[in-house]
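Notes to accompany the following structure.
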Amino acid sequence: MVMKTVERQTGVALWRQIADRIRLAISNGDYDATGMVPPETTLAAQFGVNRHTVRSALAALSEEGLVRAVQGRGTMIERKERVSYPISRRTRFSQGLGRQVREIGTELLEHMQVPASGDIAEALGLAAGAPLIELSTVSSGDGRPLSTAVSYYPAERFPDMAEEYARLGSVTKAFAAHGLADYVRVSTEIVARHADAQELVLLKLSPGAIVMEAQSVNADLSGRPVEYARTRFAADRMKLKIET
């Protein structure tokens, strides 16, 4: 295994770079043979840093629940399988998780009415300034936060979207309460990046964690857009499966 070394004077803390490298190695299965992260002395020599820096990186990964220090043994990898989430013509959170988790949770963090602007207005086929219902949510599986989203809905067509979502805990059911029985995915764009400060809190991640951000548009069966969403998935907990 060859692991890219850290880079100094980049503005990114060394411990964070090391945490990223170890996280990637775990994801790639580089430590599967032992189930353990290499000793601190080995990692320190590998990255050309002191043990304190390595210890900070491991502490961050421990906060994420990715590793666990075991007295007398070292740092053990916590075996938590990623949840596979399909993105297809009909993408539904609960159905997508299927039997991979025992309990699915959704939480409405806040909601408000905002004017449509920029890319959101264009994606929803609305004039600038048209009223939208904005929902901020967090979704979880078996108590682990999996994703957080900010979603927008035309207020004229779905005036009670926030209330219905809070009552029913489902976008699909909230649409149905407004008379929309079915809808399909029109487009999805996905990028990977480091989680920002708010995402670290909402998804219970440590600094340096990676999220996959999906910007998506859903429409009714006539092609009229009904939802624009920006969803951020915890990359070490979920994998996205594109289905055609």
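Each chain in the structure tokens gets a letter, A, B and so on, in the order shown; residues start at 1 in every chain, and ligands are counted from 1 in the order they appear.
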Which residues of segment 19-115 of chain A have any atom within 6 Å of an atom in segment 220-239 of chain A when counting only C-alpha atoms, and what is the closest pair of atoms for each, with the distance in Å to one decimal? Order the rows by chain and rising number and write it as a Markdown table.
| residue | atom | partner | partner_atom | distance |
| --- | --- | --- | --- | --- |
| A:Arg82 | CA | A:Arg237 | CA | 4.5 |
| A:Val83 | CA | A:Met238 | CA | 4.6 |
| A:Ser84 | CA | A:Lys239 | CA | 4.9 |
As a PDB file with N, CA, C and O atoms, in the first residue's frame, please: the residues near Leu43 of chain A (cut-off 9 Å, only C-alpha atoms, same-chain neighbours under 6 positions excluded).
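Generated file (result_38.pdb):
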ATOM      1  N   ILE A  18      -3.954  13.776   7.555  1.00  0.00           N
ATOM      2  CA  ILE A  18      -3.691  12.392   7.937  1.00  0.00           C
ATOM      3  C   ILE A  18      -4.998  11.648   8.177  1.00  0.00           C
ATOM      4  O   ILE A  18      -5.160  10.493   7.760  1.00  0.00           O
ATOM      5  N   VAL A  37      -5.786  -0.146  12.568  1.00  0.00           N
ATOM      6  CA  VAL A  37      -4.972   0.908  11.960  1.00  0.00           C
ATOM      7  C   VAL A  37      -3.528   0.684  12.402  1.00  0.00           C
ATOM      8  O   VAL A  37      -3.290   0.240  13.542  1.00  0.00           O
ATOM      9  N   VAL A  49       5.613  13.009  10.556  1.00  0.00           N
ATOM     10  CA  VAL A  49       5.115  13.921  11.598  1.00  0.00           C
ATOM     11  C   VAL A  49       5.374  13.277  12.960  1.00  0.00           C
ATOM     12  O   VAL A  49       5.819  12.135  13.055  1.00  0.00           O
ATOM     13  N   ARG A  51       4.106  11.910  16.828  1.00  0.00           N
ATOM     14  CA  ARG A  51       3.003  11.053  17.256  1.00  0.00           C
ATOM     15  C   ARG A  51       1.795  11.864  17.731  1.00  0.00           C
ATOM     16  O   ARG A  51       0.654  11.400  17.609  1.00  0.00           O
ATOM     17  N   VAL A  54      -0.421  12.472  14.781  1.00  0.00           N
ATOM     18  CA  VAL A  54      -1.146  11.240  14.438  1.00  0.00           C
ATOM     19  C   VAL A  54      -2.264  10.992  15.442  1.00  0.00           C
ATOM     20  O   VAL A  54      -3.380  10.615  15.074  1.00  0.00           O
TER      21      VAL A  54
END
Could you produce a table of the residues of segment 71-157 of chain A lying within 7 Å of segment 174-185 of chain A, with the nearest pair of atoms per residue and their separation in Å rounded to one decimal, using only C-alpha atoms, ordered by chain and increasing residue number, as a tab-separated table?
residue	atom	partner	partner_atom	distance
A:Ser88	CA	A:Arg185	CA	6.9
A:Arg89	CA	A:Arg185	CA	4.9
A:Arg90	CA	A:Val184	CA	5.0
A:Thr91	CA	A:Arg185	CA	6.6
Saved selection, atoms kept: all heavy atoms, as a PDB file, in the first residue's frame:
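The result, stored in result_9.pdb:
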ATOM      1  N   SER A  88     -32.560   6.777  -8.809  1.00  0.00           N
ATOM      2  CA  SER A  88     -33.186   6.257 -10.023  1.00  0.00           C
ATOM      3  C   SER A  88     -34.321   7.184 -10.453  1.00  0.00           C
ATOM      4  O   SER A  88     -34.449   8.299  -9.962  1.00  0.00           O
ATOM      5  CB  SER A  88     -33.728   4.847  -9.762  1.00  0.00           C
ATOM      6  OG  SER A  88     -34.719   4.876  -8.739  1.00  0.00           O
ATOM      7  N   ARG A  89     -35.132   6.708 -11.370  1.00  0.00           N
ATOM      8  CA  ARG A  89     -36.252   7.526 -11.853  1.00  0.00           C
ATOM      9  C   ARG A  89     -37.212   7.866 -10.724  1.00  0.00           C
ATOM     10  O   ARG A  89     -37.767   8.959 -10.675  1.00  0.00           O
ATOM     11  CB  ARG A  89     -36.995   6.770 -12.973  1.00  0.00           C
ATOM     12  CG  ARG A  89     -38.204   7.510 -13.533  1.00  0.00           C
ATOM     13  CD  ARG A  89     -38.727   6.805 -14.778  1.00  0.00           C
ATOM     14  NE  ARG A  89     -40.029   7.298 -15.196  1.00  0.00           N
ATOM     15  CZ  ARG A  89     -40.235   8.420 -15.875  1.00  0.00           C
ATOM     16  NH1 ARG A  89     -39.206   9.178 -16.199  1.00  0.00           N
ATOM     17  NH2 ARG A  89     -41.447   8.794 -16.230  1.00  0.00           N
ATOM     18  N   ARG A  90     -37.396   6.942  -9.805  1.00  0.00           N
ATOM     19  CA  ARG A  90     -38.225   7.198  -8.621  1.00  0.00           C
ATOM     20  C   ARG A  90     -37.363   7.006  -7.377  1.00  0.00           C
ATOM     21  O   ARG A  90     -37.227   5.898  -6.869  1.00  0.00           O
ATOM     22  CB  ARG A  90     -39.447   6.271  -8.600  1.00  0.00           C
ATOM     23  CG  ARG A  90     -40.520   6.665  -9.597  1.00  0.00           C
ATOM     24  CD  ARG A  90     -41.716   5.730  -9.552  1.00  0.00           C
ATOM     25  NE  ARG A  90     -42.807   6.222 -10.391  1.00  0.00           N
ATOM     26  CZ  ARG A  90     -42.874   6.074 -11.718  1.00  0.00           C
ATOM     27  NH1 ARG A  90     -41.885   5.433 -12.344  1.00  0.00           N
ATOM     28  NH2 ARG A  90     -43.898   6.546 -12.404  1.00  0.00           N
ATOM     29  N   THR A  91     -36.781   8.090  -6.902  1.00  0.00           N
ATOM     30  CA  THR A  91     -35.903   8.051  -5.742  1.00  0.00           C
ATOM     31  C   THR A  91     -36.699   8.402  -4.495  1.00  0.00           C
ATOM     32  O   THR A  91     -37.224   9.506  -4.381  1.00  0.00           O
ATOM     33  CB  THR A  91     -34.725   9.033  -5.923  1.00  0.00           C
ATOM     34  OG1 THR A  91     -33.975   8.656  -7.086  1.00  0.00           O
ATOM     35  CG2 THR A  91     -33.816   9.012  -4.715  1.00  0.00           C
TER      36      THR A  91
END
Which residues, written as an mmCIF file with N, CA, C and O atoms, in the first residue's frame, have at least one atom at most 6 Å from segment 111-115 of chain A, with only C-alpha atoms counted and residues fewer than 3 positions away on the same chain left out?
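Here's the written file out.cif:
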data_model
loop_
_atom_site.group_PDB
_atom_site.id
_atom_site.type_symbol
_atom_site.label_atom_id
_atom_site.label_comp_id
_atom_site.auth_asym_id
_atom_site.auth_seq_id
_atom_site.Cartn_x
_atom_site.Cartn_y
_atom_site.Cartn_z
ATOM 1 N N GLY A 129 -38.505 35.517 -7.831
ATOM 2 C CA GLY A 129 -39.354 36.110 -6.810
ATOM 3 C C GLY A 129 -40.586 35.298 -6.462
ATOM 4 O O GLY A 129 -41.283 35.611 -5.493
ATOM 5 N N ALA A 130 -40.893 34.252 -7.234
ATOM 6 C CA ALA A 130 -42.044 33.401 -6.923
ATOM 7 C C ALA A 130 -41.846 32.769 -5.546
ATOM 8 O O ALA A 130 -40.737 32.392 -5.186
ATOM 9 N N PRO A 131 -42.900 32.639 -4.746
ATOM 10 C CA PRO A 131 -42.739 32.110 -3.385
ATOM 11 C C PRO A 131 -42.450 30.610 -3.364
ATOM 12 O O PRO A 131 -43.052 29.831 -4.107
ATOM 13 N N LEU A 132 -41.518 30.233 -2.495
ATOM 14 C CA LEU A 132 -41.140 28.838 -2.319
ATOM 15 C C LEU A 132 -41.250 28.463 -0.848
ATOM 16 O O LEU A 132 -41.046 29.305 0.031
ATOM 17 N N ILE A 133 -41.552 27.198 -0.590
ATOM 18 C CA ILE A 133 -41.459 26.652 0.750
ATOM 19 C C ILE A 133 -40.101 25.970 0.877
ATOM 20 O O ILE A 133 -39.780 25.084 0.091
ATOM 21 N N GLU A 134 -39.301 26.420 1.829
ATOM 22 C CA GLU A 134 -37.976 25.849 2.060
ATOM 23 C C GLU A 134 -38.005 24.984 3.310
ATOM 24 O O GLU A 134 -38.423 25.442 4.380
ATOM 25 N N LEU A 135 -37.558 23.729 3.175
ATOM 26 C CA LEU A 135 -37.479 22.813 4.305
ATOM 27 C C LEU A 135 -36.020 22.408 4.541
ATOM 28 O O LEU A 135 -35.307 22.062 3.593
#
- request: Using only C-alpha atoms, find the one residue out of A:Gly35, A:Gly208, A:Arg92, A:Ile87 that sits nearest to Arg68 of chain A.
  value: A:Gly35
Against segment 22-28 of chain A, which residues of segment 46-154 of chain A fall within 9 Å? For each one I want the closest pair of atoms and the distance in Å (one decimal), counting only C-alpha atoms, rows by chain and increasing residue number, as CSV.
residue,atom,partner,partner_atom,distance
A:Ala57,CA,A:Ile22,CA,8.6
A:Leu58,CA,A:Ile22,CA,8.6
A:Leu61,CA,A:Arg23,CA,7.6
A:Leu66,CA,A:Arg23,CA,8.0
A:Ile77,CA,A:Ile26,CA,7.8
Need the shell around Gly118 of chain A: protein/DNA/RNA residues with any atom at most 12 Å away, counting only C-alpha atoms. Skip same-chain ones fewer than 3 positions apart. Format as a PDB file with all heavy atoms, in the first residue's frame?
ATOM      1  N   PRO A 115     -38.293  33.767  -1.514  1.00  0.00           N
ATOM      2  CA  PRO A 115     -38.506  34.037  -2.939  1.00  0.00           C
ATOM      3  C   PRO A 115     -37.566  33.209  -3.811  1.00  0.00           C
ATOM      4  O   PRO A 115     -36.407  32.984  -3.452  1.00  0.00           O
ATOM      5  CB  PRO A 115     -38.189  35.531  -3.063  1.00  0.00           C
ATOM      6  CG  PRO A 115     -37.203  35.793  -1.968  1.00  0.00           C
ATOM      7  CD  PRO A 115     -37.595  34.883  -0.834  1.00  0.00           C
ATOM      8  N   ALA A 121     -34.862  29.063  -9.103  1.00  0.00           N
ATOM      9  CA  ALA A 121     -36.007  29.506  -9.904  1.00  0.00           C
ATOM     10  C   ALA A 121     -35.980  28.848 -11.282  1.00  0.00           C
ATOM     11  O   ALA A 121     -37.003  28.374 -11.786  1.00  0.00           O
ATOM     12  CB  ALA A 121     -35.992  31.026 -10.031  1.00  0.00           C
ATOM     13  N   GLU A 122     -34.790  28.798 -11.875  1.00  0.00           N
ATOM     14  CA  GLU A 122     -34.654  28.196 -13.209  1.00  0.00           C
ATOM     15  C   GLU A 122     -34.969  26.707 -13.169  1.00  0.00           C
ATOM     16  O   GLU A 122     -35.683  26.186 -14.035  1.00  0.00           O
ATOM     17  CB  GLU A 122     -33.238  28.414 -13.728  1.00  0.00           C
ATOM     18  CG  GLU A 122     -33.010  27.867 -15.131  1.00  0.00           C
ATOM     19  CD  GLU A 122     -31.601  28.124 -15.638  1.00  0.00           C
ATOM     20  OE1 GLU A 122     -30.833  28.830 -14.950  1.00  0.00           O
ATOM     21  OE2 GLU A 122     -31.266  27.614 -16.726  1.00  0.00           O
ATOM     22  N   ALA A 123     -34.457  26.010 -12.156  1.00  0.00           N
ATOM     23  CA  ALA A 123     -34.681  24.563 -12.053  1.00  0.00           C
ATOM     24  C   ALA A 123     -36.154  24.233 -11.871  1.00  0.00           C
ATOM     25  O   ALA A 123     -36.630  23.212 -12.384  1.00  0.00           O
ATOM     26  CB  ALA A 123     -33.867  23.997 -10.901  1.00  0.00           C
ATOM     27  N   LEU A 124     -36.877  25.091 -11.158  1.00  0.00           N
ATOM     28  CA  LEU A 124     -38.294  24.840 -10.905  1.00  0.00           C
ATOM     29  C   LEU A 124     -39.201  25.468 -11.958  1.00  0.00           C
ATOM     30  O   LEU A 124     -40.431  25.338 -11.877  1.00  0.00           O
ATOM     31  CB  LEU A 124     -38.672  25.357  -9.512  1.00  0.00           C
ATOM     32  CG  LEU A 124     -38.060  24.583  -8.334  1.00  0.00           C
ATOM     33  CD1 LEU A 124     -38.382  25.263  -7.013  1.00  0.00           C
ATOM     34  CD2 LEU A 124     -38.558  23.142  -8.326  1.00  0.00           C
ATOM     35  N   GLY A 125     -38.603  26.142 -12.943  1.00  0.00           N
ATOM     36  CA  GLY A 125     -39.392  26.755 -14.013  1.00  0.00           C
ATOM     37  C   GLY A 125     -40.278  27.878 -13.517  1.00  0.00           C
ATOM     38  O   GLY A 125     -41.384  28.071 -14.030  1.00  0.00           O
ATOM     39  N   LEU A 126     -39.785  28.641 -12.549  1.00  0.00           N
ATOM     40  CA  LEU A 126     -40.562  29.722 -11.952  1.00  0.00           C
ATOM     41  C   LEU A 126     -39.920  31.072 -12.234  1.00  0.00           C
ATOM     42  O   LEU A 126     -38.716  31.161 -12.488  1.00  0.00           O
ATOM     43  CB  LEU A 126     -40.666  29.526 -10.433  1.00  0.00           C
ATOM     44  CG  LEU A 126     -41.347  28.252  -9.947  1.00  0.00           C
ATOM     45  CD1 LEU A 126     -41.205  28.135  -8.436  1.00  0.00           C
ATOM     46  CD2 LEU A 126     -42.816  28.232 -10.358  1.00  0.00           C
ATOM     47  N   ALA A 127     -40.728  32.105 -12.168  1.00  0.00           N
ATOM     48  CA  ALA A 127     -40.218  33.457 -12.317  1.00  0.00           C
ATOM     49  C   ALA A 127     -39.452  33.852 -11.057  1.00  0.00           C
ATOM     50  O   ALA A 127     -39.754  33.379  -9.953  1.00  0.00           O
ATOM     51  CB  ALA A 127     -41.365  34.430 -12.555  1.00  0.00           C
ATOM     52  N   ALA A 128     -38.444  34.687 -11.223  1.00  0.00           N
ATOM     53  CA  ALA A 128     -37.697  35.172 -10.064  1.00  0.00           C
ATOM     54  C   ALA A 128     -38.654  35.853  -9.089  1.00  0.00           C
ATOM     55  O   ALA A 128     -39.514  36.636  -9.483  1.00  0.00           O
ATOM     56  CB  ALA A 128     -36.619  36.148 -10.506  1.00  0.00           C
ATOM     57  N   GLY A 129     -38.505  35.517  -7.831  1.00  0.00           N
ATOM     58  CA  GLY A 129     -39.354  36.110  -6.810  1.00  0.00           C
ATOM     59  C   GLY A 129     -40.586  35.298  -6.462  1.00  0.00           C
ATOM     60  O   GLY A 129     -41.283  35.611  -5.493  1.00  0.00           O
ATOM     61  N   ALA A 130     -40.893  34.252  -7.234  1.00  0.00           N
ATOM     62  CA  ALA A 130     -42.044  33.401  -6.923  1.00  0.00           C
ATOM     63  C   ALA A 130     -41.846  32.769  -5.546  1.00  0.00           C
ATOM     64  O   ALA A 130     -40.737  32.392  -5.186  1.00  0.00           O
ATOM     65  CB  ALA A 130     -42.214  32.321  -7.981  1.00  0.00           C
TER      66      ALA A 130
END
message: Among segment 41-138 of chain A, which ones does DSSP assign to strand (DSSP E) (computed from the backbone)? Answer as a PyMOL selection string.
response: chain A and resi 67-70+74-77+83-87+104-115+131-138
